[in-house]
Every structure is written in structure tokens, then in C-alpha cells.
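Peer 1: You'll find coords.txt just under this line, and it carries compact mmCIF, C-alpha atoms.
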```txt
# COMPACT_ATOMS: atom_id res chain seq x y z
CA MET A 1 62.29 -120.74 254.00
CA ASN A 2 65.68 -120.66 252.26
CA HIS A 3 66.98 -117.09 252.57
CA TRP A 4 69.77 -117.57 250.04
CA SER A 5 67.40 -117.77 247.07
CA PHE A 6 66.12 -114.27 247.98
CA ILE A 7 69.67 -112.95 248.44
CA ILE A 8 70.82 -114.38 245.09
CA ALA A 9 67.76 -112.94 243.31
CA ALA A 10 68.43 -109.47 244.78
CA TYR A 11 72.13 -109.52 243.81
CA VAL A 12 71.48 -110.87 240.30
CA LEU A 13 68.82 -108.23 239.61
CA THR A 14 71.07 -105.46 240.93
CA GLY A 15 73.98 -106.76 238.83
CA LEU A 16 71.84 -106.90 235.71
CA GLY A 17 70.54 -103.36 236.28
CA THR A 18 73.95 -101.85 237.07
CA PHE A 19 76.15 -103.62 234.56
CA GLY A 20 73.42 -103.57 231.90
CA MET A 21 73.22 -99.79 232.28
CA LEU A 22 77.03 -99.55 232.25
CA ALA A 23 77.36 -101.69 229.09
CA TRP A 24 74.55 -99.87 227.28
CA SER A 25 76.03 -96.44 228.12
CA PHE A 26 79.52 -97.57 227.09
CA ALA A 27 78.32 -99.01 223.76
CA ALA A 28 76.28 -95.86 222.96
CA MET A 29 79.25 -93.62 223.84
CA ARG A 30 81.71 -95.63 221.71
CA ARG A 31 79.28 -95.63 218.77
CA ALA A 32 78.63 -91.86 218.97
CA GLU A 33 82.29 -90.89 219.49
CA GLY A 34 83.30 -93.30 216.71
CA ARG A 35 80.90 -91.55 214.32
CA VAL A 36 82.34 -88.15 215.28
CA ASP A 37 85.85 -89.41 214.47
CA ALA A 38 84.66 -90.96 211.18
CA LEU A 39 82.96 -87.72 210.10
CA ARG A 40 86.06 -85.71 211.03
CA GLN A 41 88.18 -87.94 208.78
CA GLU A 42 85.65 -87.62 205.92
CA LYS A 43 86.16 -83.85 205.85
CA MET B 1 81.93 -73.98 237.38
CA HIS B 2 81.78 -71.83 234.24
CA ARG B 3 85.31 -72.97 233.37
CA LEU B 4 83.65 -76.28 232.44
CA ALA B 5 81.07 -74.52 230.25
CA ASN B 6 83.16 -75.29 227.19
CA PRO B 7 82.28 -78.86 226.06
CA THR B 8 85.83 -79.41 224.74
CA ARG B 9 87.29 -78.54 228.15
CA PHE B 10 84.67 -80.72 229.82
CA LEU B 11 85.54 -83.69 227.56
CA LYS B 12 89.22 -83.31 228.38
CA ILE B 13 88.38 -83.88 232.05
CA ALA B 14 85.52 -86.35 231.50
CA ARG B 15 87.53 -88.91 229.49
CA PRO B 16 90.06 -89.86 232.21
CA LEU B 17 87.41 -89.37 234.93
CA THR B 18 85.11 -91.93 233.25
CA VAL B 19 87.84 -94.60 233.31
CA PHE B 20 88.87 -93.73 236.88
CA SER B 21 85.28 -93.82 238.20
CA GLY B 22 84.48 -97.06 236.39
CA VAL B 23 87.58 -98.93 237.59
CA ILE B 24 87.45 -97.67 241.21
CA GLY B 25 83.69 -98.26 241.35
CA ALA B 26 83.95 -101.85 240.06
CA LEU B 27 86.79 -102.69 242.49
CA LEU B 28 84.97 -101.26 245.52
CA LEU B 29 81.71 -102.91 244.50
CA ILE B 30 83.25 -106.36 244.00
CA THR B 31 85.11 -106.12 247.33
CA GLY B 32 82.04 -104.85 249.21
CA CYS B 33 79.70 -107.48 247.72
CA TYR B 34 82.17 -110.28 248.45
CA ALA B 35 82.53 -109.12 252.07
CA GLY B 36 78.77 -108.67 252.41
CA LEU B 37 78.01 -112.11 251.03
CA PHE B 38 80.78 -114.23 252.56
CA ILE B 39 82.59 -112.43 255.40
CA THR B 40 80.01 -110.60 257.53
CA PRO B 41 77.97 -112.62 260.05
CA PRO B 42 74.19 -113.10 259.70
CA ASP B 43 71.94 -110.75 261.68
CA TYR B 44 70.62 -112.11 264.98
CA LEU B 45 67.02 -111.24 263.96
CA GLN B 46 66.89 -111.25 260.15
CA GLY B 47 69.41 -114.03 259.59
CA GLU B 48 71.11 -114.22 256.20
CA THR B 49 68.65 -111.86 254.44
CA VAL B 50 70.45 -108.88 255.99
CA ARG B 51 72.98 -109.30 253.13
CA ILE B 52 70.45 -107.67 250.77
CA LEU B 53 71.29 -104.45 252.66
CA TYR B 54 74.54 -104.08 250.65
CA VAL B 55 72.71 -103.65 247.34
CA HIS B 56 69.38 -102.23 248.51
CA VAL B 57 70.74 -99.22 250.45
CA PRO B 58 73.14 -98.02 247.68
CA ALA B 59 70.29 -98.29 245.13
CA ALA B 60 68.03 -96.19 247.39
CA TRP B 61 70.82 -93.64 247.90
CA LEU B 62 71.46 -93.35 244.16
CA GLY B 63 67.75 -93.04 243.36
CA MET B 64 67.52 -90.05 245.72
CA ALA B 65 70.96 -88.63 244.87
CA GLY B 66 70.06 -88.86 241.18
CA TRP B 67 66.97 -86.72 241.62
CA SER B 68 68.93 -84.28 243.82
CA GLY B 69 71.41 -84.03 240.92
CA ILE B 70 68.57 -83.33 238.46
CA ALA B 71 67.18 -80.61 240.76
CA ALA B 72 70.64 -79.01 241.20
CA ALA B 73 71.33 -79.13 237.44
CA SER B 74 67.87 -77.64 236.76
CA ILE B 75 68.59 -74.70 239.11
CA VAL B 76 71.99 -74.17 237.45
CA GLN B 77 70.33 -74.20 234.02
CA LEU B 78 67.55 -71.79 234.98
CA VAL B 79 69.70 -69.37 236.99
CA TRP B 80 73.11 -69.41 235.27
CA ARG B 81 72.16 -70.97 231.89
CA HIS B 82 75.17 -73.26 232.12
CA PRO B 83 75.33 -75.14 228.79
CA LEU B 84 76.19 -78.49 230.37
CA ALA B 85 73.51 -78.41 233.09
CA GLY B 86 70.77 -79.72 230.79
CA VAL B 87 73.12 -82.40 229.41
CA ALA B 88 73.90 -83.53 232.97
CA ALA B 89 70.22 -83.59 234.01
CA ARG B 90 69.30 -85.67 230.94
CA ALA B 91 72.22 -88.04 231.59
CA ILE B 92 71.17 -88.64 235.22
CA ALA B 93 67.48 -89.41 234.54
CA VAL B 94 67.68 -92.97 233.13
CA PRO B 95 70.31 -94.39 235.56
CA GLY B 96 68.42 -92.67 238.42
CA ALA B 97 65.23 -94.44 237.36
CA VAL B 98 67.08 -97.77 237.02
CA PHE B 99 68.50 -97.54 240.56
CA THR B 100 65.11 -96.48 241.96
CA ALA B 101 63.56 -99.56 240.32
CA VAL B 102 66.41 -101.73 241.69
CA CYS B 103 65.74 -100.30 245.17
CA LEU B 104 62.02 -101.13 244.94
CA ILE B 105 62.61 -104.66 243.61
CA THR B 106 65.36 -105.59 246.08
CA GLY B 107 63.26 -104.09 248.90
CA SER B 108 60.34 -106.25 247.82
CA ILE B 109 62.59 -109.35 247.69
CA TRP B 110 63.90 -108.48 251.17
CA GLY B 111 60.38 -107.90 252.50
CA ARG B 112 59.05 -111.36 251.63
CA PRO B 113 61.24 -113.42 254.03
CA THR B 114 61.49 -110.61 256.64
CA TRP B 115 57.93 -109.24 256.81
CA GLY B 116 56.04 -112.06 255.09
CA THR B 117 54.87 -109.79 252.25
CA TRP B 118 56.28 -108.55 248.94
CA TRP B 119 54.70 -105.11 249.21
CA GLU B 120 53.13 -102.75 251.74
CA TRP B 121 51.50 -99.44 250.84
CA ASP B 122 53.37 -97.56 253.56
CA GLY B 123 55.05 -94.14 253.46
CA ARG B 124 58.56 -95.31 252.49
CA MET B 125 57.65 -97.71 249.71
CA THR B 126 54.90 -95.54 248.27
CA SER B 127 57.06 -92.37 248.22
CA MET B 128 59.85 -94.37 246.53
CA LEU B 129 57.38 -95.63 243.93
CA VAL B 130 56.23 -92.03 243.40
CA MET B 131 59.86 -91.12 242.68
CA LEU B 132 60.08 -93.84 240.02
CA PHE B 133 57.02 -92.34 238.30
CA LEU B 134 58.56 -88.86 238.66
CA TYR B 135 61.63 -90.18 236.82
CA PHE B 136 59.40 -91.61 234.05
CA GLY B 137 57.72 -88.21 233.73
CA TYR B 138 61.07 -86.42 233.59
CA ILE B 139 62.42 -88.79 230.90
CA ALA B 140 59.25 -88.30 228.80
CA LEU B 141 59.38 -84.50 229.19
CA SER B 142 63.07 -84.19 228.35
CA ASN B 143 62.71 -86.48 225.32
CA ALA B 144 59.79 -84.40 224.07
CA SER B 145 62.15 -81.44 223.58
CA GLU B 146 64.06 -81.23 220.29
CA GLU B 147 66.88 -79.36 222.01
CA ARG B 148 69.49 -81.96 222.98
CA THR B 149 71.92 -79.93 225.07
CA SER B 150 69.36 -78.48 227.47
CA VAL B 151 65.93 -79.25 228.85
CA SER B 152 62.90 -77.01 228.53
CA ARG B 153 61.97 -74.55 231.27
CA VAL B 154 58.97 -76.72 232.16
CA THR B 155 61.20 -79.83 232.46
CA ALA B 156 63.69 -77.93 234.65
CA LEU B 157 60.86 -76.69 236.92
CA TYR B 158 59.49 -80.24 237.08
CA GLY B 159 62.96 -81.40 238.20
CA ILE B 160 63.05 -78.79 240.98
CA ILE B 161 59.46 -79.36 242.19
CA GLY B 162 59.95 -83.16 242.14
CA ALA B 163 62.72 -82.75 244.73
CA ILE B 164 60.00 -82.15 247.35
CA ASN B 165 59.67 -85.95 247.38
CA ILE B 166 63.26 -86.43 248.67
CA PRO B 167 62.65 -85.25 252.28
CA ILE B 168 59.31 -87.09 252.25
CA ILE B 169 61.15 -90.36 251.43
CA ASN B 170 63.78 -89.62 254.06
CA ARG B 171 61.32 -88.78 256.89
CA SER B 172 58.58 -91.24 255.89
CA VAL B 173 59.67 -93.91 258.39
CA VAL B 174 59.55 -91.31 261.18
CA TRP B 175 56.22 -89.71 260.20
CA TRP B 176 54.33 -92.95 259.52
CA LYS B 177 54.85 -96.18 261.44
CA SER B 178 55.08 -99.15 259.12
CA LEU B 179 56.77 -102.49 258.52
CA HIS B 180 59.84 -100.66 257.24
CA GLN B 181 62.46 -100.12 259.91
CA GLY B 182 63.25 -96.62 261.17
CA PRO B 183 66.42 -94.73 260.20
CA SER B 184 69.44 -96.97 260.99
CA ILE B 185 72.14 -94.51 259.92
CA THR B 186 71.87 -90.88 261.05
CA VAL B 187 74.31 -88.03 261.67
CA LYS B 188 74.47 -89.18 265.30
CA GLY B 189 75.70 -92.64 264.33
CA SER B 190 74.45 -96.05 263.31
CA SER B 191 72.32 -98.63 265.08
CA ILE B 192 73.78 -101.38 262.84
CA ALA B 193 76.51 -103.54 264.38
CA PRO B 194 79.97 -102.49 263.06
CA GLU B 195 80.79 -106.03 261.85
CA ILE B 196 77.71 -105.89 259.57
CA LEU B 197 78.00 -102.19 258.67
CA TRP B 198 81.53 -101.89 257.23
CA PRO B 199 80.98 -103.43 253.74
CA LEU B 200 78.07 -101.03 253.22
CA GLY B 201 80.55 -98.14 252.96
CA LEU B 202 82.37 -100.02 250.19
CA THR B 203 79.23 -100.82 248.18
CA VAL B 204 77.73 -97.32 248.59
CA THR B 205 81.01 -95.74 247.40
CA GLY B 206 81.43 -98.34 244.62
CA PHE B 207 77.91 -97.88 243.27
CA THR B 208 78.35 -94.08 243.47
CA PHE B 209 81.54 -94.20 241.36
CA LEU B 210 79.82 -96.46 238.81
CA PHE B 211 76.87 -94.06 238.70
CA ILE B 212 79.29 -91.18 238.01
CA ALA B 213 80.92 -93.24 235.22
CA ILE B 214 77.50 -93.98 233.67
CA VAL B 215 76.45 -90.30 233.83
CA LEU B 216 79.75 -89.17 232.29
CA MET B 217 79.39 -91.71 229.46
CA ARG B 218 75.82 -90.58 228.78
CA MET B 219 76.94 -86.91 228.78
CA ARG B 220 79.74 -87.76 226.32
CA THR B 221 77.23 -89.60 224.11
CA ASN B 222 74.89 -86.62 224.12
CA LEU B 223 77.68 -84.17 223.25
CA ALA B 224 78.96 -86.48 220.47
CA GLU B 225 75.46 -86.75 218.97
CA VAL B 226 75.16 -82.95 218.96
CA ARG B 227 78.49 -82.74 217.12
CA ILE B 228 77.34 -85.36 214.58
CA GLU B 229 74.12 -83.44 213.90
CA ALA B 230 75.99 -80.13 213.54
CA ARG B 231 78.56 -81.65 211.17
CA LEU B 232 75.91 -83.39 209.04
CA ARG B 233 73.99 -80.10 208.82
CA ARG B 234 77.16 -78.29 207.69
CA MET B 235 77.92 -81.02 205.13
CA ALA B 236 74.37 -80.81 203.76
CA GLN B 237 74.66 -77.03 203.36
CA ALA B 238 78.05 -77.21 201.64
```
Translate this structure into C-alpha cells?
Peer 2:
Amino acid sequence: MNHWSFIIAAYVLTGLGTFGMLAWSFAAMRRAEGRVDALRQEK
Amino acid sequence: MHRLANPTRFLKIARPLTVFSGVIGALLLITGCYAGLFITPPDYLQGETVRILYVHVPAAWLGMAGWSGIAAASIVQLVWRHPLAGVAARAIAVPGAVFTAVCLITGSIWGRPTWGTWWEWDGRMTSMLVMLFLYFGYIALSNASEERTSVSRVTALYGIIGAINIPIINRSVVWWKSLHQGPSITVKGSSIAPEILWPLGLTVTGFTFLFIAIVLMRMRTNLAEVRIEARLRRMAQA
């Protein structure tokens, strides 16, 4: 049994979960804070 | 703690802290994963699969730490009515659930070559799965509330009662014998060889900093959305 295929699968899944969560949170934050700034300028 | 009750003051601290946590977390994580994959030797019993340790253990730690954070924030909300406690609890729930799922999946991947099975209904794995469902319940309950900056009393109580599962997860390998190994790292020391153990400190710290960055970003998003709603309401009334 090749152990490296299991190791790679574990690392890829962890990377997807972590950096996916990080990217999603970052994009949502930028979008929300951008809207706040845009509304402030509209005033 | 109440000095941070003002969202504006909180944001002043959260903005640089988000960048700091993200950068430090990514650097530690990359270094720890590189060392864990290419520098440390294989285990004499498990062989190369021991390298899954460096992602599985931090995910388990963050799954449990996340729920501990929800329970602490729930107590702070119920007792002191801190305005940011509910925001923090909401922000922790989704990343906590993600890391709990990552822990279960990487554990399953590790189990196949080590134990010969993907899953075993033993105390550790079952209690961890229960925690994932507890997270799903918490997310559903907190989303059911229209109030965005706090969670309902029922949701806060659910967060506190759910913490009973944390010591069960921790002691499960002692109370019930199973395929899962016993505690390797305790307050008395570690049974893992130092040459295999050292990158674990880097990945645990790295993942923790990234978790903090994610929670801060989610808190900032929540606070920004509240501001948008308030401003739109004011504009509609004007």
C-alpha cells in the first residue's frame, strides 16, 4: 500500500478547507466593508 | 474586556491583528508542513503515514478550541451582555465546523493504512462526529435569529451545554479502549519522539493564528453588515 497517496489526500483536503475558508471570509469582509465605504461616500 | 465593547474600538485593533495573524499563521503553517512532509523521519511502526499527524492534530485542537470559544462567548453574553460576544460566537461556528470536519476526514484517511478501516464507531471518533452535528445545530440556531450582533438566549445556552462534549472527546481514549491511540501529549510530557514532534508545534500554532484571522474577518463582516443595514434604514426614513 502506497502511504503517500493517503498523506497527499489528507494535506490537500486540509489545504482546501483552511484556505477555502480563509478566501471566503476575506472576500465577504472586503465586500461588506467596501459597501460600508460606498454608502458613507453616498451621504 | 468592556473596553472592547465599542465596535469602533474593536475594529481599530482587529484590522492590524487580522493581517498579523494571517501572515504569521501562513508562515508557521508552511514551515511546519514542509518540515513534517520532508524533514522528519518516518515512524518505526506507522511508517510515512505519521505525517498526517501535522494536519490532523491541529484540526482536532481547533474543533475543540472553537467550541470552547463559543461556550466562553455565550457565558460572556449571558452574564455581562457584552455586545461583541454574540458576534464572536457566530464568527467561530462555521470555521469550527470546518476544522472538525477536516479532523474527521483526515483521521479517516489516516485510519485506512494504519488500522485497515476508514471508520470505527469508538468513543473518540463518535464524540468528534457528535461535535460536528453540535456545530450544525448551533449554526442553524444562530441563523434562525434576526438579531445579527448577538445570539438568542437558547442559542447561548446550547453553546454552553454543548461544551460537555469537550471533556468526553478528551477522555474518550482513556474511558473506552479502541483502535485510536491513547493520549500522546499530556501535561507530564509527550510519548512522541522529539524528532517527529517538533513540527507539530509549528502547525498547531500556524493553524491557530489562521483560525484567529478567519474569526476576526468574519466578525468584521458581521459588524459591517450591521452598519450597512442601519445606514440603509436611515436612508429609507430620510
Peer 1: Go through chain A residue by residue and, counting only C-alpha atoms, keep those with an atom at most 7 Å from chain B; for each kept residue give the shortest atom pair and its distance in Å to one decimal, ordered by chain and increasing number, as a Markdown table.
Peer 2:
```
| residue | atom | partner | partner_atom | distance |
| --- | --- | --- | --- | --- |
| A:His3 | CA | B:Thr49 | CA | 5.8 |
| A:Phe6 | CA | B:Ile109 | CA | 6.1 |
| A:Ile7 | CA | B:Ile52 | CA | 5.8 |
| A:Ala10 | CA | B:Thr106 | CA | 5.1 |
| A:Tyr11 | CA | B:Val55 | CA | 6.9 |
| A:Thr14 | CA | B:Val102 | CA | 6.0 |
| A:Gly17 | CA | B:Val98 | CA | 6.6 |
| A:Met21 | CA | B:Pro95 | CA | 7.0 |
| A:Leu22 | CA | B:Ile214 | CA | 5.8 |
| A:Ser25 | CA | B:Arg218 | CA | 5.9 |
| A:Phe26 | CA | B:Met217 | CA | 6.3 |
| A:Ala28 | CA | B:Thr221 | CA | 6.4 |
| A:Met29 | CA | B:Thr221 | CA | 4.5 |
| A:Ala32 | CA | B:Ala224 | CA | 5.6 |
| A:Glu33 | CA | B:Ala224 | CA | 5.6 |
| A:Val36 | CA | B:Ile228 | CA | 5.8 |
```
Peer 1: Find the distance between CA of Ile30 in chain B and CA of Ala97 in chain B and write it in Å to one decimal.
Peer 2: 22.6 Å
Peer 1: So the first atom is CA of Ser145 in chain B and the second is CA of Ala93 in chain B; what is the distance between them in Å, to one decimal place?
Peer 2: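 Going from CA of Ser145 in chain B over to CA of Ala93 in chain B covers 14.6 Å.
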Peer 1: Using 9 Å as the limit and counting only C-alpha atoms, can you tabulate each residue of range 63-130 of chain B that touches range 171-187 of chain B, with its shortest atom-to-atom distance in Å and the two atoms involved, as a Markdown table?
Peer 2:
```
| residue | atom | partner | partner_atom | distance |
| --- | --- | --- | --- | --- |
| B:Gly111 | CA | B:His180 | CA | 8.7 |
| B:Trp115 | CA | B:Leu179 | CA | 7.1 |
| B:Glu120 | CA | B:Leu179 | CA | 7.7 |
| B:Asp122 | CA | B:Ser178 | CA | 6.0 |
| B:Gly123 | CA | B:Ser172 | CA | 5.2 |
| B:Arg124 | CA | B:Ser172 | CA | 5.3 |
| B:Met125 | CA | B:His180 | CA | 8.4 |
| B:Ser127 | CA | B:Ser172 | CA | 7.9 |
```
Peer 1: Just the number, please: distance in Å from CA of Pro58 in chain B to CA of Trp118 in chain B, one decimal.
Peer 2: 19.9 Å
Peer 1: As a ChimeraX atom specification, please: the residues near range 4-15 of chain B (cut-off 7 Å, only C-alpha atoms, same-chain neighbours under 3 positions excluded).
Peer 2: /B:1,18-19,82-84,216
Peer 1: Please return, as a list in words, all polymer residues that have at least one atom within 12 Å of the point (57.0, -123.6, 254.5); use only C-alpha atoms and the file's own coordinate frame.
Peer 2: Met1 and Asn2 of chain A; Pro113 and Gly116 of chain B
Peer 1: With all atoms listed in the file as the basis for distance, which of B:Thr100, B:Thr40, B:Ser21, B:Ser74 is at the shortest distance from Tyr158 in chain B?
Peer 2: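 With all atoms listed in the file as the atom set, the closest residue is B:Ser74.
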